[in-house]
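Listing of my_file.txt; format and content: compact mmCIF, C-alpha atoms.
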# COMPACT_ATOMS: atom_id res chain seq x y z
CA MET A 1 24.02 126.76 69.01
CA LYS A 2 26.41 124.07 67.86
CA LYS A 3 26.85 124.18 64.09
CA ALA A 4 28.78 122.30 61.44
CA LEU A 5 29.59 123.19 57.85
CA LEU A 6 30.00 120.17 55.58
CA VAL A 7 32.16 120.90 52.56
CA ILE A 8 31.37 118.17 50.07
CA ASP A 9 33.96 116.90 47.58
CA MET A 10 35.75 120.14 46.75
CA GLN A 11 38.45 118.12 45.02
CA ASN A 12 40.58 118.81 41.97
CA ASP A 13 38.88 116.18 39.78
CA PHE A 14 35.47 117.84 40.31
CA ILE A 15 36.71 121.40 39.79
CA THR A 16 39.53 121.42 37.24
CA GLY A 17 40.02 117.71 36.57
CA VAL A 18 38.32 114.98 34.60
CA LEU A 19 34.81 115.70 35.95
CA GLY A 20 35.19 119.46 36.34
CA ASN A 21 32.81 121.88 34.68
CA ASN A 22 32.23 125.62 34.47
CA GLU A 23 29.54 125.57 37.15
CA CYS A 24 31.79 123.80 39.66
CA ARG A 25 34.68 126.15 38.93
CA ALA A 26 32.36 129.15 39.31
CA VAL A 27 31.35 128.33 42.91
CA VAL A 28 34.90 128.07 44.26
CA PRO A 29 35.09 131.72 45.44
CA GLN A 30 31.72 131.46 47.21
CA VAL A 31 32.72 128.18 48.88
CA VAL A 32 36.03 129.63 50.07
CA LYS A 33 34.21 132.70 51.41
CA ARG A 34 31.62 130.57 53.22
CA VAL A 35 34.35 128.43 54.82
CA GLN A 36 36.09 131.59 56.08
CA GLU A 37 32.80 132.88 57.49
CA ALA A 38 32.24 129.56 59.25
CA ILE A 39 35.68 129.78 60.86
CA GLU A 40 34.88 133.29 62.10
CA GLU A 41 31.52 132.05 63.45
CA GLY A 42 33.17 129.20 65.35
CA THR A 43 31.37 126.61 63.22
CA ASP A 44 32.90 123.14 63.02
CA LEU A 45 34.28 122.26 59.57
CA ILE A 46 33.78 118.82 58.07
CA PHE A 47 35.18 118.00 54.64
CA SER A 48 34.35 114.96 52.54
CA GLN A 49 36.72 113.48 50.03
CA ASP A 50 35.40 111.17 47.33
CA THR A 51 37.87 108.29 47.37
CA HIS A 52 38.32 105.53 44.83
CA GLN A 53 41.01 102.93 44.24
CA GLU A 54 42.83 101.73 41.12
CA ASP A 55 40.07 99.13 40.55
CA TYR A 56 37.43 101.88 40.18
CA LEU A 57 36.34 100.76 36.70
CA SER A 58 35.41 97.32 38.06
CA THR A 59 33.03 98.81 40.65
CA GLN A 60 29.33 99.43 40.01
CA GLU A 61 29.93 103.19 39.97
CA GLY A 62 32.88 102.73 37.60
CA ARG A 63 30.80 100.65 35.20
CA LYS A 64 28.06 103.30 35.19
CA LEU A 65 30.44 106.30 35.16
CA PRO A 66 33.53 104.93 33.39
CA ILE A 67 35.74 107.94 34.12
CA PRO A 68 38.40 107.21 36.72
CA HIS A 69 38.38 110.06 39.21
CA CYS A 70 39.41 110.85 42.77
CA ILE A 71 41.79 107.89 42.84
CA GLN A 72 43.32 107.98 46.32
CA ASN A 73 46.69 109.74 46.57
CA THR A 74 46.49 111.31 43.11
CA ASP A 75 46.34 115.04 42.39
CA GLY A 76 42.70 114.72 41.34
CA TRP A 77 41.82 113.23 44.75
CA GLU A 78 43.29 116.18 46.66
CA ILE A 79 41.12 118.94 48.08
CA ILE A 80 41.47 122.06 45.92
CA PRO A 81 44.44 124.29 46.78
CA GLU A 82 42.15 127.11 47.94
CA LEU A 83 40.83 124.88 50.77
CA ALA A 84 43.53 122.25 51.35
CA GLU A 85 45.34 124.02 54.19
CA THR A 86 42.09 124.94 55.93
CA ALA A 87 40.85 121.35 55.69
CA ALA A 88 44.10 120.01 57.12
CA GLN A 89 44.45 122.55 59.92
CA LYS A 90 40.91 123.51 60.93
CA GLY A 91 38.65 120.74 59.76
CA ILE A 92 38.06 117.05 59.98
CA VAL A 93 38.27 115.17 56.68
CA PHE A 94 36.27 112.05 55.92
CA THR A 95 37.00 109.89 52.93
CA LYS A 96 34.01 108.23 51.35
CA GLU A 97 33.87 105.46 48.79
CA THR A 98 30.54 106.41 47.29
CA PHE A 99 28.10 109.31 46.93
CA GLY A 100 26.98 109.56 50.55
CA SER A 101 28.61 108.67 53.84
CA THR A 102 26.95 107.00 56.78
CA THR A 103 30.19 107.67 58.69
CA ILE A 104 29.66 111.42 58.32
CA ALA A 105 26.02 111.06 59.35
CA GLU A 106 27.04 109.05 62.43
CA TYR A 107 29.62 111.72 63.31
CA VAL A 108 27.01 114.47 62.97
CA LYS A 109 24.58 112.52 65.14
CA ALA A 110 27.20 111.77 67.81
CA HIS A 111 28.19 115.44 68.08
CA ASN A 112 24.64 116.67 68.73
CA TYR A 113 24.73 119.57 66.31
CA ASP A 114 21.82 122.00 66.33
CA GLU A 115 22.35 122.84 62.68
CA VAL A 116 24.30 121.47 59.74
CA GLU A 117 24.87 123.30 56.47
CA LEU A 118 26.14 121.61 53.31
CA ILE A 119 28.04 123.21 50.45
CA GLY A 120 30.10 121.79 47.60
CA VAL A 121 29.80 119.57 44.56
CA CYS A 122 28.02 117.91 42.96
CA THR A 123 24.59 119.05 44.16
CA ASP A 124 22.81 116.32 42.23
CA ILE A 125 24.97 113.44 43.44
CA CYS A 126 27.04 113.83 46.60
CA VAL A 127 25.48 116.91 48.21
CA ILE A 128 21.95 115.50 47.99
CA SER A 129 23.10 112.01 49.05
CA ASN A 130 24.80 113.31 52.19
CA ALA A 131 21.93 115.66 53.04
CA MET A 132 19.41 112.81 52.75
CA ILE A 133 21.50 110.35 54.75
CA ILE A 134 21.98 112.89 57.54
CA LYS A 135 18.23 113.64 57.47
CA ALA A 136 17.54 109.91 57.87
CA PHE A 137 20.03 109.56 60.73
CA VAL A 138 18.98 112.75 62.57
CA PRO A 139 15.42 113.64 61.44
CA GLU A 140 15.00 116.58 63.83
CA LEU A 141 18.29 118.25 62.89
CA GLU A 142 18.07 121.54 61.00
CA ILE A 143 19.81 120.78 57.71
CA SER A 144 20.51 123.49 55.17
CA VAL A 145 22.11 123.64 51.75
CA LYS A 146 23.53 126.95 50.56
CA GLU A 147 22.56 126.92 46.89
CA SER A 148 25.05 129.58 45.79
CA CYS A 149 27.87 127.41 47.17
CA CYS A 150 26.85 124.29 45.24
CA ALA A 151 27.05 123.18 41.64
CA GLY A 152 25.83 120.13 39.80
CA VAL A 153 26.76 118.10 36.78
CA THR A 154 24.43 120.39 34.84
CA PRO A 155 22.44 123.47 35.88
CA GLN A 156 19.21 121.48 35.36
CA SER A 157 20.31 118.53 37.52
CA HIS A 158 21.49 120.99 40.20
CA GLN A 159 18.02 122.59 40.27
CA THR A 160 16.29 119.21 40.33
CA ALA A 161 18.36 118.22 43.37
CA ILE A 162 17.56 121.53 45.10
CA GLU A 163 13.83 120.91 44.59
CA ALA A 164 14.11 117.32 45.86
CA MET A 165 15.87 118.49 49.02
CA LYS A 166 13.21 121.16 49.59
CA ALA A 167 10.55 118.45 49.36
CA CYS A 168 12.40 116.52 52.08
CA GLN A 169 12.39 119.50 54.45
CA ILE A 170 15.99 120.47 53.91
CA ASN A 171 16.36 124.25 54.05
CA ILE A 172 17.69 125.89 50.93
CA LEU A 173 19.60 129.08 51.64
What is this structure when it is put down as structure tokens?
Amino acid sequence: MKKALLVIDMQNDFITGVLGNNECRAVVPQVVKRVQEAIEEGTDLIFSQDTHQEDYLSTQEGRKLPIPHCIQNTDGWEIIPELAETAAQKGIVFTKETFGSTTIAEYVKAHNYDEVELIGVCTDICVISNAMIIKAFVPELEISVKESCCAGVTPQSHQTAIEAMKACQINIL
């Protein structure tokens, strides 16, 4: 079976930076462990990197979430130190300008994976967006989200996203 692990937005600004929270910090060890397991399993690694520019506050997202974050080439934009070397050496990294990425979905579709698992942050924004886009692009693909390796803006919004993904036939592990 050909598998991919998508590591969503494990970036400094979401863990220890301007949008970081205790829940996101708490999942770092589980995410690192899952990435190491995936390497041992021979699973392909795909990382996403939320990427904004200096004009972020003039974008629709910036007007609705007026907290500059993940500005390209800043420390907050970088993948967390615990995963940076792995992403650079063993994974493929996609930048994305918004919550979900059709580019990642197209890549997944083109590589004919049998299974894709998503982990990372934030469950209620970028994890769910990418899971749903991939589901739309490849409806017969087995898509899973490992709940213990995800965190949301709040515990309640994380759980709401988990329930929404279950309703859309995304496996919750």
Set out as JSON lines a contact list for range 51-94 of chain A and range 12-16 of chain A with a cut-off of 9 Å, giving each residue of range 51-94 of chain A that qualifies its closest atom pair and distance in Å to one decimal, counting all atoms listed in the file, ordered by chain and rising residue number.
{"residue": "A:His69", "atom": "CA", "partner": "A:Asp13", "partner_atom": "CA", "distance": 6.2}
{"residue": "A:Cys70", "atom": "CA", "partner": "A:Asp13", "partner_atom": "CA", "distance": 6.1}
{"residue": "A:Asp75", "atom": "CA", "partner": "A:Asn12", "partner_atom": "CA", "distance": 6.9}
{"residue": "A:Gly76", "atom": "CA", "partner": "A:Asp13", "partner_atom": "CA", "distance": 4.4}
{"residue": "A:Trp77", "atom": "CA", "partner": "A:Asn12", "partner_atom": "CA", "distance": 6.4}
{"residue": "A:Glu78", "atom": "CA", "partner": "A:Asn12", "partner_atom": "CA", "distance": 6.0}
{"residue": "A:Ile79", "atom": "CA", "partner": "A:Asn12", "partner_atom": "CA", "distance": 6.1}
{"residue": "A:Ile80", "atom": "CA", "partner": "A:Asn12", "partner_atom": "CA", "distance": 5.2}
{"residue": "A:Pro81", "atom": "CA", "partner": "A:Asn12", "partner_atom": "CA", "distance": 8.3}
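Remark: for Glu97 in chain A, the closest of the candidate residues A:Thr123, A:Thr51, A:Asn112, A:Thr74 is A:Thr51 (distances computed over all atoms listed in the file).
The nearest approach to Gln53 in chain A among the residues A:Thr98, A:Leu19, A:Asn130, A:Ile92, with only C-alpha atoms taken into account, belongs to A:Thr98.
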List the neighbours of Ile172 in chain A out to 6 Å using all atoms listed in the file; skip same-chain residues closer than 3 positions along the sequence, and give me the result as a count of residues only. 3
Residue neighbourhood Leu5 in chain A, 7 Å, all atoms listed in the file, exclusion window fewer than 5 positions, as an mmCIF file with C-alpha atoms, keeping the file's coordinate frame:
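Dumped to part.cif:
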data_model
loop_
_atom_site.group_PDB
_atom_site.id
_atom_site.type_symbol
_atom_site.label_atom_id
_atom_site.label_comp_id
_atom_site.auth_asym_id
_atom_site.auth_seq_id
_atom_site.Cartn_x
_atom_site.Cartn_y
_atom_site.Cartn_z
ATOM 1 C CA THR A 43 31.370 126.610 63.220
ATOM 2 C CA ASP A 44 32.900 123.140 63.020
ATOM 3 C CA LEU A 45 34.280 122.260 59.570
ATOM 4 C CA ILE A 46 33.780 118.820 58.070
ATOM 5 C CA VAL A 116 24.300 121.470 59.740
ATOM 6 C CA GLU A 117 24.870 123.300 56.470
ATOM 7 C CA LEU A 118 26.140 121.610 53.310
#
Quick one: pull the distance between CA of Gly42 in chain A and CA of Val108 in chain A, Å, one decimal. 16.1 Å
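Reported to one decimal place, the separation of CA of Glu37 in chain A from CA of Met1 in chain A is 15.7 Å.
With all atoms listed in the file as the atoms that count, the minimum distance from Val31 in chain A to the choices A:Ile162, A:Val127, A:Cys149, A:Ile170 is reached by A:Cys149.
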For Ser129 in chain A, which residue out of A:Ile8, A:Cys24, A:Ala84, A:Ile67 is the nearest one, using only C-alpha atoms? A:Ile8
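When CA of Ile133 in chain A is paired with CA of Ser101 in chain A, their separation reads 7.4 Å.
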